[in-house]
>>> print(open('protein_18.cif').read())   # mmCIF, C-alpha atoms and all ligand atoms
data_upload
#
loop_
_atom_site.label_atom_id
_atom_site.label_comp_id
_atom_site.auth_asym_id
_atom_site.auth_seq_id
_atom_site.Cartn_x
_atom_site.Cartn_y
_atom_site.Cartn_z
CA MET A 30 -35.62 -10.20 29.78
CA ARG A 31 -36.92 -8.50 26.73
CA ALA A 32 -38.85 -10.17 23.98
CA THR A 33 -38.69 -7.90 20.98
CA ASN A 34 -39.00 -8.60 17.29
CA GLY A 35 -41.06 -11.64 18.06
CA ARG A 36 -37.98 -13.28 19.43
CA ALA A 37 -38.36 -14.71 22.89
CA ALA A 38 -35.11 -14.01 24.67
CA ALA A 39 -34.99 -16.66 27.36
CA VAL A 40 -32.79 -16.02 30.36
CA ASP A 41 -30.57 -18.98 29.53
CA GLU A 42 -29.85 -17.52 26.11
CA VAL A 43 -27.71 -14.87 27.76
CA VAL A 44 -24.19 -16.16 28.33
CA LEU A 45 -22.60 -12.94 29.53
CA ASP A 46 -24.38 -10.02 31.12
CA VAL A 47 -22.19 -7.04 32.00
CA ARG A 48 -24.02 -4.47 34.08
CA ASP A 49 -22.86 -0.96 34.79
CA LEU A 50 -19.19 -1.97 34.91
CA ARG A 51 -16.73 0.61 36.21
CA VAL A 52 -12.94 0.16 36.21
CA GLN A 53 -10.50 2.71 37.58
CA PHE A 54 -6.74 3.16 37.74
CA PRO A 55 -5.11 5.48 40.24
CA THR A 56 -2.50 7.50 38.33
CA ARG A 57 -0.17 10.32 39.32
CA ARG A 58 -2.54 12.71 37.62
CA GLY A 59 -5.58 11.41 39.45
CA LEU A 60 -8.13 8.62 39.14
CA LEU A 61 -8.49 7.37 35.57
CA THR A 62 -11.88 5.87 34.81
CA ALA A 63 -11.14 3.51 31.93
CA VAL A 64 -14.58 1.91 31.91
CA ASP A 65 -17.46 4.01 33.09
CA GLY A 66 -20.87 2.36 33.39
CA VAL A 67 -20.63 -0.22 30.62
CA SER A 68 -23.54 -2.63 30.11
CA PHE A 69 -24.00 -5.25 27.42
CA GLN A 70 -25.05 -8.83 26.92
CA VAL A 71 -23.69 -11.65 24.84
CA ARG A 72 -26.07 -14.37 23.78
CA ARG A 73 -25.38 -17.99 23.07
CA GLY A 74 -23.65 -18.54 19.75
CA GLU A 75 -23.41 -14.83 19.13
CA THR A 76 -20.37 -12.80 18.14
CA LEU A 77 -20.51 -9.33 19.63
CA GLY A 78 -18.11 -6.73 18.28
CA LEU A 79 -16.68 -4.24 20.75
CA VAL A 80 -15.36 -1.45 18.60
CA GLY A 81 -13.86 1.99 19.10
CA GLU A 82 -10.64 3.94 18.71
CA SER A 83 -7.57 3.11 20.72
CA GLY A 84 -7.85 4.17 24.37
CA CYS A 85 -11.63 3.80 24.64
CA GLY A 86 -11.54 1.02 27.26
CA LYS A 87 -12.09 -2.06 25.12
CA THR A 88 -9.16 -4.09 26.42
CA VAL A 89 -9.86 -3.13 30.03
CA THR A 90 -13.46 -4.27 29.55
CA GLY A 91 -12.25 -7.62 28.20
CA LEU A 92 -9.69 -8.09 30.99
CA SER A 93 -12.35 -7.26 33.58
CA ILE A 94 -14.47 -10.18 32.46
CA LEU A 95 -11.61 -12.51 33.42
CA ARG A 96 -10.76 -10.35 36.44
CA LEU A 97 -7.30 -9.70 35.03
CA VAL A 98 -7.22 -5.91 35.40
CA GLU A 99 -3.70 -4.92 36.35
CA GLN A 100 -3.08 -3.65 39.89
CA PRO A 101 -3.48 -1.00 41.21
CA GLY A 102 -6.37 -0.77 38.78
CA ARG A 103 -9.59 -2.24 40.04
CA ILE A 104 -13.18 -2.95 39.19
CA SER A 105 -14.96 -0.39 41.31
CA GLY A 106 -18.53 -1.05 40.33
CA GLY A 107 -21.00 -3.20 38.47
CA GLN A 108 -21.68 -6.85 37.92
CA ILE A 109 -20.41 -9.40 35.44
CA LEU A 110 -22.83 -12.29 35.18
CA PHE A 111 -21.65 -15.39 33.36
CA HIS A 112 -24.48 -17.89 32.97
CA GLY A 113 -26.20 -15.89 35.69
CA GLU A 114 -23.35 -16.09 38.23
CA ASP A 115 -21.52 -12.95 39.26
CA LEU A 116 -17.84 -13.34 38.44
CA LEU A 117 -16.98 -10.44 40.72
CA ALA A 118 -18.16 -12.49 43.69
CA LYS A 119 -15.99 -15.51 42.88
CA SER A 120 -12.79 -16.44 44.67
CA GLU A 121 -9.47 -16.19 42.86
CA ARG A 122 -9.32 -19.97 42.85
CA GLU A 123 -12.69 -20.25 41.12
CA MET A 124 -11.59 -17.64 38.58
CA ARG A 125 -8.43 -19.60 37.79
CA ARG A 126 -10.57 -22.58 37.00
CA LEU A 127 -12.76 -20.52 34.66
CA ARG A 128 -9.93 -18.82 32.80
CA GLY A 129 -8.96 -20.58 29.62
CA ASP A 130 -11.74 -23.06 30.26
CA ALA A 131 -15.32 -21.75 30.18
CA ILE A 132 -14.00 -18.32 29.20
CA SER A 133 -10.81 -17.87 27.25
CA MET A 134 -9.08 -14.86 25.82
CA ILE A 135 -6.81 -14.06 22.92
CA PHE A 136 -4.76 -11.22 24.36
CA GLN A 137 -3.84 -8.05 22.52
CA ASP A 138 -0.57 -7.89 24.43
CA PRO A 139 1.88 -10.19 22.59
CA THR A 140 4.03 -10.72 25.70
CA VAL A 141 1.29 -12.77 27.36
CA THR A 142 0.76 -15.13 24.46
CA LEU A 143 3.30 -17.73 23.38
CA ASN A 144 6.32 -18.53 25.50
CA PRO A 145 9.38 -18.44 23.18
CA VAL A 146 11.38 -21.05 25.09
CA LEU A 147 8.73 -23.76 25.13
CA ARG A 148 7.71 -26.04 22.30
CA ILE A 149 4.15 -25.58 21.08
CA SER A 150 3.33 -29.07 22.37
CA GLU A 151 4.28 -28.10 25.93
CA GLN A 152 2.23 -24.91 25.84
CA MET A 153 -0.79 -26.60 24.37
CA THR A 154 -0.84 -29.80 26.39
CA GLU A 155 -0.42 -27.86 29.65
CA VAL A 156 -3.91 -26.40 29.30
CA LEU A 157 -5.46 -29.81 28.70
CA ARG A 158 -3.54 -31.49 31.50
CA TYR A 159 -4.26 -28.77 34.05
CA HIS A 160 -7.95 -28.30 33.30
CA ARG A 161 -8.94 -31.75 32.06
CA GLY A 162 -6.37 -33.94 33.74
CA MET A 163 -5.54 -35.58 30.40
CA ARG A 164 -2.63 -37.96 30.07
CA ARG A 165 0.24 -36.74 27.90
CA SER A 166 -0.59 -38.95 24.92
CA GLU A 167 -4.26 -38.08 25.05
CA ALA A 168 -3.48 -34.36 25.29
CA ARG A 169 -1.11 -34.64 22.32
CA GLU A 170 -3.77 -36.24 20.21
CA ARG A 171 -6.20 -33.48 21.06
CA CYS A 172 -3.55 -30.85 20.20
CA VAL A 173 -2.99 -32.36 16.79
CA GLU A 174 -6.74 -32.17 16.23
CA LEU A 175 -6.77 -28.54 17.33
CA LEU A 176 -3.86 -27.53 15.11
CA ARG A 177 -5.61 -29.19 12.20
CA LEU A 178 -8.80 -27.31 13.08
CA VAL A 179 -7.03 -23.95 12.83
CA GLY A 180 -5.38 -24.86 9.53
CA ILE A 181 -1.81 -25.76 10.46
CA PRO A 182 -0.32 -28.23 7.97
CA ASN A 183 1.52 -31.33 9.28
CA PRO A 184 0.29 -30.82 12.83
CA GLU A 185 1.97 -33.98 14.23
CA GLU A 186 5.34 -32.60 13.26
CA ARG A 187 4.64 -28.91 13.90
CA LEU A 188 3.56 -29.64 17.44
CA ASP A 189 7.18 -30.07 18.51
CA HIS A 190 8.39 -26.81 17.02
CA TYR A 191 9.14 -23.61 18.91
CA PRO A 192 7.09 -20.45 18.35
CA HIS A 193 9.86 -18.73 16.34
CA GLU A 194 9.67 -21.51 13.77
CA PHE A 195 6.16 -20.33 12.90
CA SER A 196 5.26 -17.27 10.84
CA GLY A 197 3.22 -14.51 12.51
CA GLY A 198 0.01 -15.83 10.98
CA MET A 199 0.77 -19.42 12.02
CA GLN A 200 1.56 -18.24 15.57
CA GLN A 201 -1.80 -16.54 15.70
CA ARG A 202 -3.43 -19.79 14.59
CA VAL A 203 -1.68 -21.59 17.44
CA ILE A 204 -2.88 -18.94 19.89
CA ILE A 205 -6.42 -19.40 18.62
CA ALA A 206 -6.07 -23.18 18.95
CA ILE A 207 -4.99 -22.82 22.59
CA ALA A 208 -7.90 -20.46 23.29
CA LEU A 209 -10.30 -23.03 21.83
CA ALA A 210 -8.68 -26.07 23.43
CA LEU A 211 -11.31 -26.46 26.15
CA GLU A 212 -14.26 -25.42 23.98
CA PRO A 213 -15.01 -22.25 25.93
CA ALA A 214 -18.59 -21.04 26.10
CA LEU A 215 -17.15 -17.56 25.66
CA LEU A 216 -14.09 -16.49 23.70
CA LEU A 217 -12.74 -12.97 24.15
CA ALA A 218 -10.62 -12.02 21.15
CA ASP A 219 -8.76 -8.75 21.64
CA GLU A 220 -7.54 -7.33 18.31
CA PRO A 221 -6.81 -10.83 16.96
CA THR A 222 -5.81 -9.54 13.53
CA THR A 223 -4.28 -6.14 14.29
CA ALA A 224 -0.61 -7.14 14.51
CA LEU A 225 -0.76 -9.09 11.24
CA ASP A 226 -0.11 -7.89 7.71
CA VAL A 227 -3.09 -7.49 5.43
CA THR A 228 -2.91 -10.85 3.63
CA VAL A 229 -2.49 -12.79 6.85
CA GLN A 230 -5.22 -10.70 8.44
CA ALA A 231 -7.62 -11.88 5.76
CA GLN A 232 -6.63 -15.51 6.42
CA ILE A 233 -7.21 -15.19 10.16
CA ILE A 234 -10.57 -13.52 9.54
CA ASP A 235 -11.50 -16.47 7.30
CA LEU A 236 -10.44 -18.86 10.03
CA LEU A 237 -12.52 -17.03 12.65
CA LYS A 238 -15.48 -17.05 10.27
CA ARG A 239 -15.20 -20.77 9.80
CA LEU A 240 -14.82 -21.39 13.55
CA LYS A 241 -17.86 -19.23 14.15
CA ARG A 242 -19.89 -21.48 11.84
CA GLU A 243 -18.54 -24.69 13.31
CA ARG A 244 -18.52 -23.81 17.00
CA ALA A 245 -21.44 -23.32 19.35
CA GLY A 246 -19.62 -20.83 21.58
CA SER A 247 -20.09 -17.08 21.87
CA MET A 248 -17.43 -14.51 21.13
CA VAL A 249 -16.62 -10.94 22.03
CA LEU A 250 -14.47 -9.56 19.25
CA ILE A 251 -12.56 -6.47 20.33
CA THR A 252 -11.20 -4.32 17.53
CA HIS A 253 -10.68 -0.73 16.42
CA ASP A 254 -11.50 -1.85 12.88
CA LEU A 255 -15.10 -1.75 11.71
CA GLY A 256 -13.99 -3.58 8.57
CA VAL A 257 -13.16 -6.61 10.72
CA VAL A 258 -16.43 -6.23 12.62
CA ALA A 259 -18.40 -6.20 9.39
CA GLN A 260 -17.03 -9.61 8.44
CA LEU A 261 -17.51 -11.41 11.72
CA CYS A 262 -20.04 -9.91 14.08
CA ASP A 263 -23.75 -10.42 14.65
CA ARG A 264 -24.12 -7.39 16.88
CA VAL A 265 -21.92 -4.42 17.55
CA ALA A 266 -21.29 -2.31 20.64
CA VAL A 267 -19.49 0.94 19.89
CA MET A 268 -17.33 2.22 22.70
CA TYR A 269 -16.13 5.75 23.19
CA ALA A 270 -14.09 7.14 26.07
CA GLY A 271 -15.03 4.41 28.55
CA SER A 272 -18.71 4.09 27.62
CA ILE A 273 -20.86 2.31 25.09
CA VAL A 274 -22.51 4.86 22.82
CA GLU A 275 -24.40 2.56 20.46
CA VAL A 276 -25.44 -1.09 20.27
CA ALA A 277 -27.26 -2.69 17.36
CA PRO A 278 -27.31 -5.69 15.06
CA LEU A 279 -24.51 -5.50 12.49
CA ARG A 280 -26.71 -4.54 9.54
CA GLU A 281 -28.26 -1.69 11.49
CA ILE A 282 -24.85 -0.36 12.48
CA LEU A 283 -23.64 -0.48 8.90
CA GLU A 284 -26.80 0.78 7.22
CA GLN A 285 -28.36 3.02 9.86
CA PRO A 286 -25.67 4.17 12.25
CA LEU A 287 -27.20 6.65 14.67
CA HIS A 288 -24.42 7.95 16.87
CA PRO A 289 -22.21 10.61 15.27
CA TYR A 290 -19.18 8.70 16.58
CA THR A 291 -20.29 5.48 14.84
CA ARG A 292 -20.83 7.46 11.65
CA GLY A 293 -17.36 8.92 12.03
CA LEU A 294 -15.85 5.46 12.44
CA LEU A 295 -17.69 4.21 9.36
CA ASP A 296 -16.38 7.11 7.34
CA CYS A 297 -12.89 5.97 8.26
CA VAL A 298 -13.32 2.46 6.82
CA PRO A 299 -11.46 2.12 3.51
CA ARG A 300 -13.93 1.13 0.84
CA LEU A 301 -13.66 -0.43 -2.59
CA ASP A 302 -15.56 2.42 -4.25
CA THR A 303 -12.94 4.91 -3.12
CA GLY A 304 -10.05 2.75 -4.23
CA GLY A 305 -9.43 1.63 -0.65
CA ARG A 306 -8.38 5.11 0.43
CA ARG A 307 -9.32 6.26 3.89
CA LEU A 308 -12.03 8.84 3.45
CA ARG A 309 -11.21 10.89 6.48
CA ALA A 310 -10.37 10.63 10.15
CA ILE A 311 -12.62 11.87 12.95
CA PRO A 312 -11.14 15.24 13.93
CA GLY A 313 -9.68 15.43 17.43
CA VAL A 314 -8.59 12.67 19.80
CA VAL A 315 -10.06 10.41 22.48
CA PRO A 316 -10.21 12.52 25.67
CA ASP A 317 -8.07 12.10 28.75
CA LEU A 318 -10.01 9.72 30.98
CA VAL A 319 -8.65 11.35 34.13
CA ALA A 320 -10.57 14.51 33.29
CA PRO A 321 -13.12 13.71 30.58
CA PRO A 322 -15.25 16.43 29.01
CA ARG A 323 -18.48 17.44 30.67
CA GLY A 324 -21.72 15.95 29.43
CA CYS A 325 -21.42 13.69 26.41
CA ARG A 326 -17.82 12.60 26.07
CA PHE A 327 -17.95 12.87 22.32
CA GLN A 328 -19.42 16.37 22.33
CA PRO A 329 -16.11 18.28 21.81
CA ARG A 330 -15.51 16.30 18.58
CA CYS A 331 -19.11 16.18 17.44
CA GLU A 332 -20.32 18.22 14.48
CA ALA A 333 -23.93 17.77 15.52
CA ALA A 334 -23.60 18.68 19.20
CA LEU A 335 -26.46 20.56 20.84
CA GLU A 336 -26.26 22.79 23.88
CA HIS A 337 -27.71 20.07 26.10
CA CYS A 338 -24.85 17.73 25.15
CA GLN A 339 -22.50 19.67 27.41
CA ALA A 340 -24.87 19.64 30.33
CA ARG A 341 -25.66 15.96 30.80
CA ARG A 342 -24.28 12.63 29.84
CA PRO A 343 -26.75 10.74 27.66
CA ARG A 344 -27.47 7.15 28.54
CA LEU A 345 -28.15 4.24 26.23
CA VAL A 346 -31.80 4.09 25.19
CA GLU A 347 -33.47 1.60 22.88
CA VAL A 348 -34.73 3.86 20.09
CA ALA A 349 -35.68 1.06 17.68
CA PRO A 350 -35.97 -2.69 18.31
CA GLU A 351 -32.53 -3.93 19.41
CA HIS A 352 -31.00 -0.56 18.54
CA PHE A 353 -29.60 1.41 21.48
CA VAL A 354 -27.97 4.81 21.31
CA ALA A 355 -26.68 7.34 23.83
CA CYS A 356 -27.10 10.62 21.99
CA TYR A 357 -29.38 13.62 22.48
CA LEU A 358 -29.99 13.94 18.74
CA TYR A 359 -32.67 11.33 19.37
CA PRO A 360 -35.69 12.67 21.24
CA GLN A 361 -36.29 9.29 22.89
CA VAL A 362 -32.99 9.66 24.72
CA LEU A 363 -33.98 13.00 26.16
CA ALA A 364 -37.47 11.75 26.94
CA ALA A 365 -36.13 8.70 28.78
CA GLU A 366 -33.94 10.97 30.86
CA GLU A 367 -36.88 13.17 31.84
CA ARG A 368 -39.07 10.18 32.60
CA SER A 369 -36.64 8.33 34.82
CA ASP A 370 -34.37 10.98 36.29
CA GLY A 371 -32.01 9.26 38.67
CA VAL A 372 -33.71 5.88 38.30
CA PRO A 373 -31.43 3.21 36.87
CA GLN A 374 -32.71 1.67 33.67
CA ALA A 375 -34.04 -1.85 33.64
CA VAL A 376 -33.45 -2.43 29.96
CA HIS A 377 -29.97 -2.68 28.56
CA PRO A 378 -28.41 -4.16 25.46
N1 LIG A 401 -2.57 -0.58 33.61
C1 LIG A 401 -3.07 0.64 33.36
N2 LIG A 401 -2.75 1.70 34.14
C2 LIG A 401 -3.26 2.93 33.90
N3 LIG A 401 -4.11 3.20 32.89
C3 LIG A 401 -4.47 2.19 32.09
C4 LIG A 401 -3.98 0.86 32.27
N4 LIG A 401 -4.51 0.07 31.31
C5 LIG A 401 -5.31 0.87 30.56
N5 LIG A 401 -5.28 2.14 31.03
C6 LIG A 401 -6.01 3.28 30.48
O1 LIG A 401 -7.36 2.92 30.35
C7 LIG A 401 -7.91 3.49 29.16
C8 LIG A 401 -8.49 2.41 28.29
O2 LIG A 401 -7.46 1.58 27.81
P1 LIG A 401 -7.70 0.29 26.92
O3 LIG A 401 -8.78 -0.53 27.52
O4 LIG A 401 -6.39 -0.37 26.72
O5 LIG A 401 -8.22 0.91 25.56
P2 LIG A 401 -8.46 0.20 24.15
O6 LIG A 401 -8.29 -1.25 24.32
O7 LIG A 401 -9.84 0.60 23.76
O8 LIG A 401 -7.44 0.80 23.24
C9 LIG A 401 -6.78 4.26 28.48
O9 LIG A 401 -6.88 5.61 28.87
C10 LIG A 401 -5.55 3.63 29.08
O10 LIG A 401 -4.49 4.55 29.11
MG MG A 402 -6.92 -2.52 23.41
#
>>> encode(input="protein_18.cif", output="structure tokens", more="lines below")
Ligand SMILES: Nc1ncnc2c1ncn2[C@@H]1O[C@H](COP(=O)(O)OP(=O)(O)O)[C@@H](O)[C@H]1O
Ligand SMILES: [Mg+2]
Amino acid sequence: MRATNGRAAAVDEVVLDVRDLRVQFPTRRGLLTAVDGVSFQVRRGETLGLVGESGCGKTVTGLSILRLVEQPGRISGGQILFHGEDLLAKSEREMRRLRGDAISMIFQDPTVTLNPVLRISEQMTEVLRYHRGMRRSEARERCVELLRLVGIPNPEERLDHYPHEFSGGMQQRVIIAIALALEPALLLADEPTTALDVTVQAQIIDLLKRLKRERAGSMVLITHDLGVVAQLCDRVAVMYAGSIVEVAPLREILEQPLHPYTRGLLDCVPRLDTGGRRLRAIPGVVPDLVAPPRGCRFQPRCEAALEHCQARRPRLVEVAPEHFVACYLYPQVLAAEERSDGVPQAVHP
């Protein structure tokens, strides 16, 4: 492990260590590589933002951690270490025990969230009964506590309501309560505010902020919205076309973004000083992941692209303490490539 910035990063500080993850889907048009050599770590108590436009592989990365990638898609390479144990080597039975327990996920897909025909109490107590073997009354008590924690008024009474009796924002609070029910060491939150209107979005962000302060657990926050990232994350990994192109502490990303893609995303964030208007969009679209562009995937959309950018795919290199970037505009990235041609890197974010 690295020890930079005078901070001794002990092995046990790392909760999740994703190494060179690759996920592919066979499609009629050919093999689609949704995640292509992704590496990152999540430390204890940390919230890591995974950010990028739609179609960059964020959700697939999140689903991979729980081994929930949809068939016939499959994880075709890499390791996912959770507290040092490789999740890809676990049996399905072991994974079922982990899911919703040590690792839980708030899904982007609304069809896998609340069941419309079951009362909230049934959906919530099930988790506690299955994983903790709690008696009904005990589980109910815990659910009331959880609903109170996420800011639902009159929890004793609300517990027996059906999902449709809750507003969108209140439903999202319930979903968060279920995800937190077993005090997971790692919470994966996939676009937890995207489907909500702006006012409710702000309330859910406030809730997540408060939970972050009160909880010891780590979180991976997946979003296309750097505005959300700015409010919640400690570190940020920027994903583009199946790869991570930049990783840095939040302040660095906001104040010193290095990758042209990160800069492009920041230019798209509505700001107060422009009256909340979007400044501009990054020209072009995320490439087809069946046949991605040669070299750097961002190169066809990049205003700063060099000739070399079409020839090779840059890898993530630590160009400043804790600041990694995969872009040939930085001489260190080119130098690292020349130094270690073909040799996998030992250091990753
Ligand atoms: N079940 C699937 N079958 C085929 N392709 C998929 C499937 N799920 C995701 N993909 C593809 O994988 C890529 C990444 O998708 P996704 O992880 O959902 O992106 P993001 O969450 O960043 O918007 C996209 O090209 C998407 O079309
Ligand atoms: Mg997604």
>>> residues_near_ligand(input="protein_18.cif", ligand="ligand MG 402 (chain A)", cutoff="7 Å", atoms="only C-alpha atoms and all ligand atoms", output="list in words")
Ser83, Gly84, Gly86, Lys87, Thr88, Gln137 and Asp219 of chain A
>>> axis_aligned_box(input="protein_18.cif", around="ligand LIG 401 (chain A)", padding_each_side="3 Å", output="JSON")
{"center_x": -6.2, "center_y": 2.2, "center_z": 28.7, "size_x": 13.3, "size_y": 12.9, "size_z": 16.9}
>>> residues_around(input="protein_18.cif", residues="stretch 283-298 of chain A", least_positions_apart="4", cutoff="8 Å", atoms="only C-alpha atoms", output="list in words")
Gly81, Asp254, Leu255, Gly256, Ala259, Val267, Tyr269, Val274, Glu275, Leu279, Arg307, Leu308, Arg309, Ala310, Ile311, Phe327, Cys331, Glu332, Ala333, Val354, Ala355 and Cys356 of chain A
>>> residues_near_ligand(input="protein_18.cif", ligand="ligand LIG 401 (chain A)", cutoff="9 Å", atoms="all atoms listed in the file", output="PyMOL selection string")
chain A and resi 52-56+61-64+79-92+98-102+137+219-220+251-253+268-271+315-319
>>> write_last_selection(input="protein_18.cif", atoms="C-alpha atoms", output="compact mmCIF listing (two decimals), in the coordinates of the input")
# COMPACT_ATOMS: atom_id res chain seq x y z
CA VAL A 52 -12.94 0.16 36.21
CA GLN A 53 -10.50 2.71 37.58
CA PHE A 54 -6.74 3.16 37.74
CA PRO A 55 -5.11 5.48 40.24
CA THR A 56 -2.50 7.50 38.33
CA LEU A 61 -8.49 7.37 35.57
CA THR A 62 -11.88 5.87 34.81
CA ALA A 63 -11.14 3.51 31.93
CA VAL A 64 -14.58 1.91 31.91
CA LEU A 79 -16.68 -4.24 20.75
CA VAL A 80 -15.36 -1.45 18.60
CA GLY A 81 -13.86 1.99 19.10
CA GLU A 82 -10.64 3.94 18.71
CA SER A 83 -7.57 3.11 20.72
CA GLY A 84 -7.85 4.17 24.37
CA CYS A 85 -11.63 3.80 24.64
CA GLY A 86 -11.54 1.02 27.26
CA LYS A 87 -12.09 -2.06 25.12
CA THR A 88 -9.16 -4.09 26.42
CA VAL A 89 -9.86 -3.13 30.03
CA THR A 90 -13.46 -4.27 29.55
CA GLY A 91 -12.25 -7.62 28.20
CA LEU A 92 -9.69 -8.09 30.99
CA VAL A 98 -7.22 -5.91 35.40
CA GLU A 99 -3.70 -4.92 36.35
CA GLN A 100 -3.08 -3.65 39.89
CA PRO A 101 -3.48 -1.00 41.21
CA GLY A 102 -6.37 -0.77 38.78
CA GLN A 137 -3.84 -8.05 22.52
CA ASP A 219 -8.76 -8.75 21.64
CA GLU A 220 -7.54 -7.33 18.31
CA ILE A 251 -12.56 -6.47 20.33
CA THR A 252 -11.20 -4.32 17.53
CA HIS A 253 -10.68 -0.73 16.42
CA MET A 268 -17.33 2.22 22.70
CA TYR A 269 -16.13 5.75 23.19
CA ALA A 270 -14.09 7.14 26.07
CA GLY A 271 -15.03 4.41 28.55
CA VAL A 315 -10.06 10.41 22.48
CA PRO A 316 -10.21 12.52 25.67
CA ASP A 317 -8.07 12.10 28.75
CA LEU A 318 -10.01 9.72 30.98
CA VAL A 319 -8.65 11.35 34.13
>>> residues_around(input="protein_18.cif", residues="A:Gly198", least_positions_apart="5", cutoff="9 Å", atoms="only C-alpha atoms", output="PyMOL selection string")
chain A and resi 203+222+225-226+229-230+232-233
>>> atom_distance(input="protein_18.cif", atom1="atom CA of A:Lys238", atom2="atom CA of A:Thr76")
10.2 Å
>>> atom_distance(input="protein_18.cif", atom1="atom CA of A:Ala364", atom2="atom CA of A:Ile273")
19.2 Å
>>> atom_distance(input="protein_18.cif", atom1="atom CA of A:Cys338", atom2="atom CA of A:Ile104")
27.6 Å
